[in-house]
Amino acid sequence: MNEHLLSMHDLSAADVTRILDTAESFREVGTRVIKKVPALRGRTVVNFFLENSTRTRISFELAAKRLSADVINFSAGGSSVAKGESLKDTALTLQAMGADAIVIRHSSSGSPLQLTRWVDAHVLNAGDGTHEHPTQGLLDLYTMREKLGRLEGLRVGIVGDVLHSRVARSLSFGLVKMGAEVTLVGPPTLIPPDASAWGVQVSYDIEGVLPKLDVCYVLRVQRERQRLEYFPSVREYARLFGITRDRVALMPEGGLIMHPGPMNRGVEIDSDVADLPRSVIEEQVTNGIAVRMALLFQLLGGAKGEAA
Amino acid sequence: MEPDDVRRALTRIAHEILERDKGAADVVLVGIADRGDDLARRLADEVRRIEGPEVAVGVLDITFYRDDIGMRGDAPEVHETRIPFDVSGKVVVLVDDVLFTGRTIRSAMDALMDLGRPRKIQLAVLVDRGHRELPIRADFVGKNVPTGRADDVRVLVAEVDGEDAVVVEGAR
């Protein structure tokens with residue numbers, strides 16, 4: 001495995017399998033009374049979040065703490081960034097304080113890569129612009145493998161605003177790597193023009209796709225990332241692509257509903273659908289901690305610079 | 001050691017556990033992955049054969065408790081931990097294939113303590129090869145094997161390797 005995790009493309013299929021297997025062991029740790037192991041005692045993990053986040057930051061924080069690492073949370077508001085310090089100077093400051101790993105979230109695609117050019121610490125991408133969110137992709141792969149027993153041959157529909165979704169990109173790349181069949185579904189304005197190069201199918205007809213899916217992965221309508229109008233109204237989007245109880249009934253028995261959160265109930269997913277037993281949205285959150293523990297352990301648990 | 005030697009050693013250890021702990025009432029066996037868990041299941045079979053009671057068996061992975069994390073090339077490989085019972089108040093017999101520096105056993109004791117508060121921890125090993133780096137000794141030993149510090153000692157078990165054997169290869 002590489003020194004950093006910037007993109008799903010950094011990982012081979014064997015790397016992914018190893019990460020998911022390691023996460024399995026960390027899931028067991030999460031069921032204990034004492035949910036903590038001393039594996040990364042004395043290491044320092046910095047959560048460097050320059051864009052709002054609740055679940056990813058807390059998930060990384062819990063993951064690092066359950067590995068006994070020291071965790072520093074650093075966000076834009078109320079910090080030197082608010083005073084106008086550049087990303088580079090802030091990064092060098094974190095480095096000078098002895099960070100072993102920096103978990104970065106940033107609104108600009110490519111900022112984690114830029115960070116690796118300035119610091120010696122391991123860099124983990126926790127979401128950069130509309131580029132990638134590999135740890136979310138991995139926890140989704142883990143959840144699918146756990147619930148359905150395999151990834152190869154799995155039929156997964158990714159529904160909604162694929163264009164602006166770093167989650168959709170990381171998940172698609174990961175699923176294709178592991179041999180699953182991916183269909184992107186949404187209004188044509190929200191399907192990236194280069195989607196055919198991802199090795200996925202594209203459809204604009206949700207009701208035609210649902211009967212053939214093992215997993216319906218519902219994306220959030222990201223109103224904060226849309227500067228232009230990509231669809232006429234939220235109500236029309238909900239009517240054409242929202243996952244309702246009637247639409248769920250089209251799916252095969254045992255098919256899963258997934259969502260990366262936070263949900264807009266009543267827009268991309270109906271409230272009563274989100275609470276169905278086949279919706280594994282809370283499991284995704286629980287698994288996220290174990291998968292991030294596995295990633296931190298894989299990156300920080302080896303000797304730096306001499307990885308075999 | 002040949003297959004028969006391994007079998008006899010395990011039978012004797014099972015007898016010794018029953019003698020030392022006056023039966024198997026509070027005894028649980030926890031094997032250290034990998035190989036130790038297979039030996040622990042074997043010991044449980046022997047105990048049942050000798051006296052009848054069923055002894056619970058768990059498997060413990062000590063990777064997260066190692067003292068050399070970050071000192072070798074890649075992150076160490078992780079195995080499964082599965083201890084489907086409460087260790088608190090129990091006599092836990094840790095089972096491993098080879099006792100060498102003692103560092104694995106130190107890790108295993110720390111791992112066990114995080115899972116509960118055993119009344120007693122004992123140690124059973126198939127081979128004690130010497131060269132301890134910590135003040136640790138085994139309660140039950142299959143065989144003491146004098147080795148060089150750099151020798152390679154491997155325990156093969158039928159479940160994983162197809163046959164039971166202990167192989168010592170001298171350092172070249």
# chains A, B, ... in the order shown; residues from 1 in each chain; ligands from 1
call {"tool": "select_by_dssp", "arguments": {"residues": "chain B", "states": "strand (DSSP E or B)", "output": "VMD selection string"}}
result
chain B and resid 27 to 32 56 to 60 82 91 to 99 120 to 128 140 to 144 152 to 156 165 to 169
call {"tool": "write_last_selection", "arguments": {"atoms": "C-alpha atoms", "output": "compact mmCIF listing (two decimals), in the first residue's frame"}}
result
# COMPACT_ATOMS: atom_id res chain seq x y z
CA VAL B 27 -10.83 -23.44 32.93
CA VAL B 28 -11.03 -21.82 29.51
CA LEU B 29 -8.46 -22.20 26.74
CA VAL B 30 -7.39 -19.22 24.67
CA GLY B 31 -5.13 -19.93 21.72
CA ILE B 32 -2.91 -17.26 20.22
CA ALA B 56 -14.56 -23.32 26.12
CA VAL B 57 -12.00 -22.34 23.50
CA GLY B 58 -11.27 -18.85 22.18
CA VAL B 59 -8.79 -17.39 19.76
CA LEU B 60 -6.83 -14.25 20.48
CA ARG B 82 -13.07 -14.55 18.84
CA VAL B 91 -8.63 -19.68 34.86
CA VAL B 92 -7.43 -18.77 31.40
CA VAL B 93 -4.85 -21.08 29.90
CA LEU B 94 -3.09 -19.25 27.08
CA VAL B 95 -1.95 -21.67 24.40
CA ASP B 96 0.81 -20.95 21.91
CA ASP B 97 3.00 -23.03 19.66
CA VAL B 98 6.47 -21.71 20.49
CA LEU B 99 7.69 -19.77 23.53
CA LYS B 120 -5.60 -16.68 36.93
CA ILE B 121 -3.65 -16.80 33.68
CA GLN B 122 -1.53 -19.84 32.88
CA LEU B 123 0.61 -20.58 29.85
CA ALA B 124 0.82 -23.78 27.82
CA VAL B 125 3.26 -24.09 24.91
CA LEU B 126 4.17 -26.97 22.66
CA VAL B 127 7.82 -25.91 22.41
CA ASP B 128 9.96 -23.78 24.70
CA PHE B 140 2.92 -26.39 30.80
CA VAL B 141 5.58 -27.28 28.25
CA GLY B 142 5.39 -29.93 25.53
CA LYS B 143 9.10 -30.03 24.94
CA ASN B 144 12.15 -27.95 25.77
CA ASP B 152 14.02 -20.92 12.87
CA VAL B 153 11.55 -23.05 14.86
CA ARG B 154 8.28 -23.89 13.16
CA VAL B 155 5.34 -25.83 14.54
CA LEU B 156 3.18 -27.44 11.88
CA ALA B 165 5.52 -31.62 13.36
CA VAL B 166 8.09 -29.37 14.97
CA VAL B 167 10.91 -28.35 12.66
CA VAL B 168 14.11 -26.63 13.73
CA GLU B 169 16.21 -25.10 11.02
call {"tool": "interface_residues", "arguments": {"of": "chain A", "to": "chain B", "cutoff": "9 Å", "atoms": "only C-alpha atoms", "output": "VMD selection string"}}
result
chain A and resid 1 18 21 to 22 24 to 25 28 to 29 32 to 40 67 297 to 308
call {"tool": "residues_around", "arguments": {"residues": "B:Leu134", "least_positions_apart": "5", "cutoff": "10 Å", "atoms": "only C-alpha atoms", "output": "ChimeraX atom specification"}}
result
/B:100-103,105-106
call {"tool": "residues_around", "arguments": {"residues": "A:Asp120", "least_positions_apart": "5", "cutoff": "10 Å", "atoms": "only C-alpha atoms", "output": "ChimeraX atom specification"}}
result
/A:3,92,95,98-102,115,304
call {"tool": "write_last_selection", "arguments": {"atoms": "N, CA and C atoms", "output": "PDB file, in the first residue's frame"}}
result
ATOM      1  N   GLU A   3       2.032   5.274   0.800  1.00  0.00           N
ATOM      2  CA  GLU A   3       2.215   6.004   2.051  1.00  0.00           C
ATOM      3  C   GLU A   3       0.999   6.849   2.396  1.00  0.00           C
ATOM      4  N   LEU A  92       2.764  23.145   7.317  1.00  0.00           N
ATOM      5  CA  LEU A  92       4.119  23.077   7.864  1.00  0.00           C
ATOM      6  C   LEU A  92       4.104  23.233   9.386  1.00  0.00           C
ATOM      7  N   GLN A  95       3.118  19.939  10.760  1.00  0.00           N
ATOM      8  CA  GLN A  95       4.272  19.058  10.637  1.00  0.00           C
ATOM      9  C   GLN A  95       5.274  19.327  11.756  1.00  0.00           C
ATOM     10  N   GLY A  98       4.770  17.684  14.923  1.00  0.00           N
ATOM     11  CA  GLY A  98       5.005  16.247  15.002  1.00  0.00           C
ATOM     12  C   GLY A  98       3.845  15.376  14.579  1.00  0.00           C
ATOM     13  N   ALA A  99       3.015  15.859  13.658  1.00  0.00           N
ATOM     14  CA  ALA A  99       1.917  15.022  13.185  1.00  0.00           C
ATOM     15  C   ALA A  99       2.459  13.819  12.408  1.00  0.00           C
ATOM     16  N   ASP A 100       1.971  12.612  12.748  1.00  0.00           N
ATOM     17  CA  ASP A 100       2.351  11.415  11.986  1.00  0.00           C
ATOM     18  C   ASP A 100       1.397  11.183  10.828  1.00  0.00           C
ATOM     19  N   ALA A 101       0.163  11.620  10.987  1.00  0.00           N
ATOM     20  CA  ALA A 101      -0.813  11.500   9.895  1.00  0.00           C
ATOM     21  C   ALA A 101      -1.684  12.740   9.892  1.00  0.00           C
ATOM     22  N   ILE A 102      -2.010  13.198   8.714  1.00  0.00           N
ATOM     23  CA  ILE A 102      -2.923  14.329   8.580  1.00  0.00           C
ATOM     24  C   ILE A 102      -4.131  13.872   7.776  1.00  0.00           C
ATOM     25  N   LEU A 115      -0.800  18.649  -0.384  1.00  0.00           N
ATOM     26  CA  LEU A 115      -0.281  18.524   0.981  1.00  0.00           C
ATOM     27  C   LEU A 115       0.886  17.538   1.053  1.00  0.00           C
ATOM     28  N   LYS A 304       7.988   3.711   8.375  1.00  0.00           N
ATOM     29  CA  LYS A 304       7.870   4.657   7.278  1.00  0.00           C
ATOM     30  C   LYS A 304       9.116   4.624   6.401  1.00  0.00           C
TER      31      LYS A 304
END
call {"tool": "residues_around", "arguments": {"residues": "B:Gly170", "least_positions_apart": "6", "cutoff": "10 Å", "atoms": "only C-alpha atoms", "output": "ChimeraX atom specification"}}
result
/B:147-153
call {"tool": "select_by_dssp", "arguments": {"residues": "chain B", "states": "helix (DSSP H, G or I)", "output": "JSON, numbers by chain"}}
result
{"B": [3, 4, 5, 6, 7, 8, 9, 10, 11, 12, 13, 14, 15, 16, 17, 18, 19, 20, 36, 37, 38, 39, 40, 41, 42, 43, 44, 45, 46, 47, 48, 49, 50, 51, 63, 64, 65, 103, 104, 105, 106, 107, 108, 109, 110, 111, 112, 113, 114, 115, 158, 159, 160, 161]}
call {"tool": "atom_distance", "arguments": {"atom1": "atom CA of A:Tyr204", "atom2": "atom CA of A:Val185"}}
result
5.4 Å
call {"tool": "closest_residue", "arguments": {"among": "B:Arg8, B:Pro118, B:Met1, B:Gly89", "to": "B:Val145", "atoms": "only C-alpha atoms"}}
result
B:Met1
call {"tool": "atom_distance", "arguments": {"atom1": "atom CA of B:Arg49", "atom2": "atom CA of B:Ala158"}}
result
19.2 Å
call {"tool": "residues_around", "arguments": {"residues": "A:Arg247", "least_positions_apart": "5", "cutoff": "9 Å", "atoms": "only C-alpha atoms", "output": "short mmCIF file (atom, residue, chain, number, x, y, z; two decimals) with N, CA and C atoms, in the first residue's frame"}}
result
data_model
loop_
_atom_site.label_atom_id
_atom_site.label_comp_id
_atom_site.auth_asym_id
_atom_site.auth_seq_id
_atom_site.Cartn_x
_atom_site.Cartn_y
_atom_site.Cartn_z
N ILE A 206 -34.96 5.44 -13.33
CA ILE A 206 -34.78 4.77 -12.05
C ILE A 206 -35.64 3.51 -11.94
N GLU A 207 -36.87 3.58 -12.44
CA GLU A 207 -37.77 2.43 -12.28
C GLU A 207 -37.36 1.26 -13.16
N LEU A 210 -34.10 -0.30 -10.95
CA LEU A 210 -34.28 -0.86 -9.60
C LEU A 210 -34.50 -2.38 -9.56
N GLY A 242 -36.59 10.38 -6.54
CA GLY A 242 -36.65 10.08 -5.11
C GLY A 242 -36.94 8.60 -4.87
#
call {"tool": "atom_distance", "arguments": {"atom1": "atom CA of B:Ala40", "atom2": "atom CA of A:Gly30"}}
result
25.2 Å
